[in-house]
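Visitor: Have a peek at structure30.cif (mmCIF, C-alpha atoms).
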```cif
data_data
loop_
_atom_site.label_atom_id
_atom_site.label_comp_id
_atom_site.auth_asym_id
_atom_site.auth_seq_id
_atom_site.Cartn_x
_atom_site.Cartn_y
_atom_site.Cartn_z
CA MET A 25 -55.30 61.57 37.69
CA PHE A 26 -52.24 63.11 35.99
CA GLU A 27 -52.44 65.63 33.16
CA LEU A 28 -49.35 66.99 31.41
CA LYS A 29 -49.49 69.89 28.97
CA ASN A 30 -46.55 71.44 27.10
CA VAL A 31 -44.12 69.92 29.60
CA LYS A 32 -40.41 70.20 28.91
CA PHE A 33 -37.44 69.05 31.00
CA ARG A 34 -34.07 70.14 29.62
CA ASP A 35 -33.36 68.36 26.35
CA ILE A 36 -34.42 65.05 27.85
CA LEU A 37 -38.22 65.08 27.67
CA THR A 38 -40.94 66.99 25.84
CA VAL A 39 -44.62 66.13 26.38
CA ASP A 40 -47.18 68.12 24.43
CA GLU A 41 -50.18 66.48 26.06
CA LEU A 42 -50.70 63.34 28.13
CA GLU A 43 -53.35 62.06 30.53
CA LEU A 44 -52.70 59.17 32.91
CA LYS A 45 -55.92 57.87 34.40
CA ALA A 46 -56.46 56.47 37.88
CA GLN A 47 -56.93 52.75 38.55
CA GLN A 48 -55.00 51.72 35.47
CA VAL A 49 -51.78 49.85 34.82
CA THR A 50 -49.64 52.00 32.54
CA CYS A 51 -46.34 50.79 31.09
CA ILE A 52 -43.74 53.20 29.72
CA VAL A 53 -41.45 51.61 27.15
CA GLY A 54 -38.67 52.75 24.84
CA LYS A 55 -34.92 52.74 24.38
CA SER A 56 -32.49 53.76 27.12
CA GLY A 57 -32.08 57.52 27.40
CA GLY A 58 -35.53 58.16 25.96
CA GLY A 59 -36.87 60.01 29.01
CA LYS A 60 -38.76 57.20 30.74
CA THR A 61 -37.29 57.67 34.23
CA THR A 62 -37.52 61.45 33.86
CA LEU A 63 -41.26 61.14 33.24
CA LEU A 64 -41.69 59.08 36.42
CA LYS A 65 -39.74 61.60 38.50
CA LEU A 66 -41.93 64.43 37.22
CA LEU A 67 -45.03 62.60 38.43
CA ASN A 68 -44.11 62.80 42.10
CA ASN A 69 -42.18 66.06 41.84
CA LEU A 70 -38.73 64.59 42.44
CA ILE A 71 -37.77 66.95 39.63
CA SER A 72 -39.62 69.99 38.30
CA ALA A 73 -40.39 70.70 34.68
CA ASP A 74 -38.66 73.68 33.07
CA SER A 75 -41.96 74.68 31.48
CA GLY A 76 -45.51 73.47 31.08
CA THR A 77 -48.15 72.24 33.50
CA ILE A 78 -48.49 69.00 35.44
CA LEU A 79 -51.80 68.46 37.22
CA TYR A 80 -52.41 65.80 39.86
CA LYS A 81 -56.08 65.30 40.75
CA GLY A 82 -56.85 68.59 39.05
CA LYS A 83 -54.29 70.68 40.97
CA GLU A 84 -50.84 71.80 39.88
CA ILE A 85 -48.36 69.32 41.26
CA ASP A 86 -46.10 72.08 42.62
CA THR A 87 -48.86 73.16 45.03
CA TYR A 88 -48.73 69.87 46.95
CA ASN A 89 -46.56 69.34 49.99
CA PRO A 90 -43.70 67.28 48.50
CA ILE A 91 -43.50 64.81 51.39
CA ALA A 92 -47.26 64.23 51.45
CA LEU A 93 -47.30 63.84 47.66
CA ARG A 94 -44.50 61.25 47.67
CA ARG A 95 -46.26 59.19 50.32
CA GLU A 96 -49.32 59.08 48.09
CA VAL A 97 -47.42 58.75 44.79
CA MET A 98 -44.48 56.54 45.69
CA MET A 99 -41.55 55.79 43.39
CA LEU A 100 -39.32 52.74 43.52
CA PRO A 101 -36.07 53.45 41.63
CA GLN A 102 -34.25 50.87 39.54
CA GLN A 103 -31.45 50.61 42.09
CA PRO A 104 -33.10 51.11 45.49
CA VAL A 105 -30.99 51.91 48.54
CA MET A 106 -31.11 49.48 51.44
CA PHE A 107 -30.94 50.64 55.04
CA SER A 108 -28.10 48.96 56.92
CA GLY A 109 -29.13 46.05 59.10
CA THR A 110 -31.69 43.28 58.78
CA ILE A 111 -34.80 43.03 56.64
CA ARG A 112 -36.86 43.56 59.80
CA GLU A 113 -34.94 46.77 60.53
CA ASN A 114 -35.54 47.92 56.96
CA PHE A 115 -39.28 47.46 57.41
CA ASN A 116 -39.27 49.17 60.83
CA LYS A 117 -37.25 52.15 59.56
CA THR A 118 -39.54 52.54 56.56
CA LEU A 119 -42.56 52.81 58.85
CA ARG A 120 -40.74 55.08 61.30
CA PHE A 121 -39.79 57.54 58.55
CA THR A 122 -43.45 57.79 57.59
CA GLU A 123 -44.45 58.25 61.24
CA ARG A 124 -46.12 54.87 61.59
CA GLU A 125 -45.82 52.16 64.22
CA ALA A 126 -43.87 48.98 63.54
CA ALA A 127 -46.04 46.19 62.15
CA SER A 128 -46.35 42.62 63.39
CA GLU A 129 -44.10 39.70 62.52
CA GLU A 130 -46.99 38.20 60.55
CA VAL A 131 -47.31 41.30 58.35
CA TYR A 132 -43.59 41.34 57.59
CA THR A 133 -43.43 37.61 56.88
CA ASP A 134 -46.44 37.85 54.59
CA LEU A 135 -44.72 40.64 52.65
CA LEU A 136 -41.67 38.48 52.05
CA GLN A 137 -43.93 35.71 50.80
CA GLN A 138 -45.74 38.13 48.49
CA VAL A 139 -42.48 39.08 46.78
CA GLY A 140 -41.33 35.47 46.63
CA LEU A 141 -38.46 35.66 49.13
CA LYS A 142 -37.61 32.65 51.27
CA LEU A 143 -35.57 34.66 53.74
CA THR A 144 -35.86 35.30 57.46
CA LEU A 145 -36.52 38.77 58.81
CA GLU A 146 -33.10 38.60 60.46
CA ALA A 147 -31.25 38.29 57.14
CA ASP A 148 -28.76 41.16 56.73
CA THR A 149 -29.40 43.26 53.64
CA LYS A 150 -25.66 43.52 52.90
CA ASP A 151 -25.67 39.80 52.13
CA LEU A 152 -28.54 39.95 49.63
CA SER A 153 -28.21 39.64 45.86
CA GLY A 154 -29.31 42.46 43.56
CA GLY A 155 -32.59 40.70 42.82
CA GLU A 156 -33.26 40.06 46.50
CA LYS A 157 -32.61 43.70 47.36
CA GLN A 158 -34.99 44.77 44.61
CA ARG A 159 -37.73 42.58 46.08
CA VAL A 160 -37.13 43.74 49.66
CA ALA A 161 -37.39 47.33 48.41
CA LEU A 162 -40.66 46.47 46.67
CA ALA A 163 -41.95 44.91 49.89
CA ARG A 164 -41.07 48.14 51.76
CA VAL A 165 -43.16 50.12 49.29
CA LEU A 166 -46.11 47.73 49.54
CA LEU A 167 -45.92 48.05 53.33
CA LEU A 168 -46.94 51.72 52.96
CA HIS A 169 -49.99 51.11 50.73
CA PRO A 170 -49.49 54.09 48.39
CA GLU A 171 -52.38 55.12 46.18
CA THR A 172 -50.09 55.27 43.15
CA LEU A 173 -46.98 53.18 42.49
CA LEU A 174 -44.25 54.44 40.18
CA LEU A 175 -41.87 51.59 39.38
CA ASP A 176 -38.65 52.08 37.42
CA GLU A 177 -37.59 48.77 35.89
CA PRO A 178 -38.77 46.80 38.95
CA SER A 179 -37.60 43.49 37.50
CA SER A 180 -34.26 44.51 35.94
CA ALA A 181 -32.25 42.25 38.27
CA LEU A 182 -34.60 39.27 37.99
CA ASP A 183 -34.73 36.27 35.70
CA ASP A 184 -37.70 35.87 33.34
CA GLU A 185 -39.65 33.51 35.59
CA THR A 186 -39.24 35.68 38.69
CA GLU A 187 -40.00 38.80 36.65
CA ASP A 188 -43.32 37.33 35.55
CA PHE A 189 -44.19 36.39 39.14
CA ILE A 190 -43.26 39.78 40.63
CA ILE A 191 -44.95 41.92 37.99
CA GLY A 192 -48.06 39.76 38.13
CA MET A 193 -48.16 40.11 41.92
CA VAL A 194 -47.82 43.91 41.81
CA VAL A 195 -50.52 44.20 39.14
CA ASP A 196 -52.90 42.00 41.16
CA TYR A 197 -52.12 44.02 44.31
CA THR A 198 -52.85 47.26 42.46
CA ARG A 199 -56.12 46.06 40.96
CA LYS A 200 -57.43 44.62 44.25
CA ARG A 201 -56.77 47.93 46.01
CA LYS A 202 -58.14 49.92 43.05
CA GLY A 203 -54.82 51.71 42.91
CA THR A 204 -52.76 53.08 40.05
CA LEU A 205 -49.56 51.56 38.68
CA ILE A 206 -47.20 53.38 36.31
CA MET A 207 -44.19 51.30 35.40
CA VAL A 208 -41.10 51.70 33.25
CA THR A 209 -40.08 48.42 31.66
CA HIS A 210 -37.52 47.31 29.10
CA ALA A 211 -39.63 44.29 28.20
CA MET A 212 -42.42 44.77 25.67
CA SER A 213 -43.68 41.32 26.70
CA VAL A 214 -44.42 42.71 30.19
CA ALA A 215 -46.38 45.61 28.72
CA GLU A 216 -48.30 43.32 26.40
CA ARG A 217 -49.29 40.96 29.23
CA PHE A 218 -50.14 43.39 31.99
CA ALA A 219 -50.73 46.97 30.79
CA ASP A 220 -54.04 48.71 30.25
CA VAL A 221 -52.12 51.47 28.48
CA THR A 222 -48.64 51.49 26.96
CA ILE A 223 -46.72 54.73 26.32
CA THR A 224 -43.80 54.51 23.90
CA LEU A 225 -41.09 57.16 24.26
CA PHE A 226 -38.46 57.83 21.61
CA ASP A 227 -35.79 60.52 21.88
CA GLY A 228 -37.65 62.22 24.71
CA LYS A 229 -41.00 62.44 22.95
CA ILE A 230 -44.15 60.35 23.06
CA GLN A 231 -44.20 58.27 19.92
CA ARG A 232 -47.51 56.57 20.60
CA VAL A 233 -50.04 55.69 23.30
CA ASP A 234 -51.77 52.33 23.01
CA LYS A 235 -54.66 50.69 24.80
CA LEU A 236 -55.15 46.94 24.81
CA ASN A 237 -57.83 47.30 22.15
CA GLY A 238 -55.83 49.56 19.84
CA THR A 239 -54.14 52.91 19.46
CA LEU A 240 -55.74 55.87 21.23
#
```
Since I need it in another form, could you write the structure as structure tokens?
Guide:
Amino acid sequence: MFELKNVKFRDILTVDELELKAQQVTCIVGKSGGGKTTLLKLLNNLISADSGTILYKGKEIDTYNPIALRREVMMLPQQPVMFSGTIRENFNKTLRFTEREAASEEVYTDLLQQVGLKLTLEADTKDLSGGEKQRVALARVLLLHPETLLLDEPSSALDDETEDFIIGMVVDYTRKRKGTLIMVTHAMSVAERFADVTITLFDGKIQRVDKLNGTL
């Protein structure tokens, strides 16, 4: 699905060669400042490489309409921004921005249940904790059914038990829809439990790429 060759972004990231296949769960791990978030941003063209080639479905990523690309390859940042107002309004605005009709109460309520939130749709987002905001933001993304999910530390504000629940739910969601999940995580335990492929970055370079059954 994604192919990177001789990609360089400033002094932050250098990728000689990397292929990320469709319908897989890929975890990107490594120390802070190692280029993990930069790699995610390159994959939906939020930033452009200084040199090298990034292909998406066999075409150079720069040739895609950026808005169309980001609806298909959707990124959830570590600290997502909430729209002002209620959870319902957040869901409605998300759909409106992507030129879709508002969904039913049942759809919205089911989304909250999926991400483990016992909140009403009328709860104001300004009153939510960091972990609750993170899960509402994840629900907004799931509402749009992207083909590829790029998640940057999606469980950073969650306790271990909730982290396990949320990551497991997203992985199950991805596999059932035959989608693709590429996720930055600080927890090697998450990668070991859920990933088909783990990419380890160190000082802006790929140190190793592992499959569940051994090093590639």
Visitor: To one decimal place, how far is CA of Lys45 in chain A from CA of Met25 in chain A in Å?
Guide: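 Distance between the two atoms: 5.0 Å.
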Visitor: Tell me which of A:Val105, A:Ile206, A:Val39, A:Val139 sits closest to Gly192 in chain A, counting only C-alpha atoms.
Guide: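 That would be A:Val139, the residue with the smallest distance to Gly192 in chain A.
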Visitor: Run through the PyMOL selection byres ((chain A and resi 195-200) around 10) on the given coordinates and return the selected residues as JSON, numbers by chain.
Guide: {"A": [47, 48, 49, 138, 166, 169, 170, 171, 172, 173, 190, 191, 192, 193, 194, 201, 202, 203, 204, 205, 218, 219]}
Visitor: Using all atoms listed in the file, pick whichever of A:Leu168, A:Val97, A:Leu145, A:Ile78 has the shortest atom-to-atom distance to Lys29 in chain A.
Guide: A:Ile78
Visitor: List, as a ChimeraX atom specification, every residue that the PyMOL selection byres ((chain A and resi 99) around 7) selects in the file provided.
Guide: /A:97-98,100-101,173-175
Visitor: Step by step, work through what the PyMOL selection byres ((chain A and resi 61) around 12) selects in the shown file, and finish by giving those residues as a VMD selection string.
Guide: chain A and resid 33 36 to 37 51 to 60 62 to 68 70 to 71 99 to 102 174 to 178 206 to 210 225 228
Visitor: Filtering to C-alpha atoms, could you give me those residues as a PDB file, in the coordinates of the input?
Guide:
```pdb
ATOM      1  CA  PHE A  33     -37.440  69.050  31.000  1.00  0.00           C
ATOM      2  CA  ILE A  36     -34.420  65.050  27.850  1.00  0.00           C
ATOM      3  CA  LEU A  37     -38.220  65.080  27.670  1.00  0.00           C
ATOM      4  CA  CYS A  51     -46.340  50.790  31.090  1.00  0.00           C
ATOM      5  CA  ILE A  52     -43.740  53.200  29.720  1.00  0.00           C
ATOM      6  CA  VAL A  53     -41.450  51.610  27.150  1.00  0.00           C
ATOM      7  CA  GLY A  54     -38.670  52.750  24.840  1.00  0.00           C
ATOM      8  CA  LYS A  55     -34.920  52.740  24.380  1.00  0.00           C
ATOM      9  CA  SER A  56     -32.490  53.760  27.120  1.00  0.00           C
ATOM     10  CA  GLY A  57     -32.080  57.520  27.400  1.00  0.00           C
ATOM     11  CA  GLY A  58     -35.530  58.160  25.960  1.00  0.00           C
ATOM     12  CA  GLY A  59     -36.870  60.010  29.010  1.00  0.00           C
ATOM     13  CA  LYS A  60     -38.760  57.200  30.740  1.00  0.00           C
ATOM     14  CA  THR A  62     -37.520  61.450  33.860  1.00  0.00           C
ATOM     15  CA  LEU A  63     -41.260  61.140  33.240  1.00  0.00           C
ATOM     16  CA  LEU A  64     -41.690  59.080  36.420  1.00  0.00           C
ATOM     17  CA  LYS A  65     -39.740  61.600  38.500  1.00  0.00           C
ATOM     18  CA  LEU A  66     -41.930  64.430  37.220  1.00  0.00           C
ATOM     19  CA  LEU A  67     -45.030  62.600  38.430  1.00  0.00           C
ATOM     20  CA  ASN A  68     -44.110  62.800  42.100  1.00  0.00           C
ATOM     21  CA  LEU A  70     -38.730  64.590  42.440  1.00  0.00           C
ATOM     22  CA  ILE A  71     -37.770  66.950  39.630  1.00  0.00           C
ATOM     23  CA  MET A  99     -41.550  55.790  43.390  1.00  0.00           C
ATOM     24  CA  LEU A 100     -39.320  52.740  43.520  1.00  0.00           C
ATOM     25  CA  PRO A 101     -36.070  53.450  41.630  1.00  0.00           C
ATOM     26  CA  GLN A 102     -34.250  50.870  39.540  1.00  0.00           C
ATOM     27  CA  LEU A 174     -44.250  54.440  40.180  1.00  0.00           C
ATOM     28  CA  LEU A 175     -41.870  51.590  39.380  1.00  0.00           C
ATOM     29  CA  ASP A 176     -38.650  52.080  37.420  1.00  0.00           C
ATOM     30  CA  GLU A 177     -37.590  48.770  35.890  1.00  0.00           C
ATOM     31  CA  PRO A 178     -38.770  46.800  38.950  1.00  0.00           C
ATOM     32  CA  ILE A 206     -47.200  53.380  36.310  1.00  0.00           C
ATOM     33  CA  MET A 207     -44.190  51.300  35.400  1.00  0.00           C
ATOM     34  CA  VAL A 208     -41.100  51.700  33.250  1.00  0.00           C
ATOM     35  CA  THR A 209     -40.080  48.420  31.660  1.00  0.00           C
ATOM     36  CA  HIS A 210     -37.520  47.310  29.100  1.00  0.00           C
ATOM     37  CA  LEU A 225     -41.090  57.160  24.260  1.00  0.00           C
ATOM     38  CA  GLY A 228     -37.650  62.220  24.710  1.00  0.00           C
TER      39      GLY A 228
END
```
Visitor: Give me, please, the distance in Å between CA of Ile111 in chain A and CA of Ala127 in chain A, quoted to one decimal.
Guide: 12.9 Å
Visitor: Looking at all atoms listed in the file, which of A:Ser179, A:Ser128, A:Thr50, A:Ser108 is the one that sits closest to Asp148 in chain A?
Guide: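 Nearest to Asp148 in chain A: A:Ser108.
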Visitor: Give me, please, the distance in Å between CA of Glu125 in chain A and CA of Gly154 in chain A, quoted to one decimal.
Guide: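 Computing the Euclidean distance for CA of Glu125 in chain A and CA of Gly154 in chain A yields 28.2 Å.
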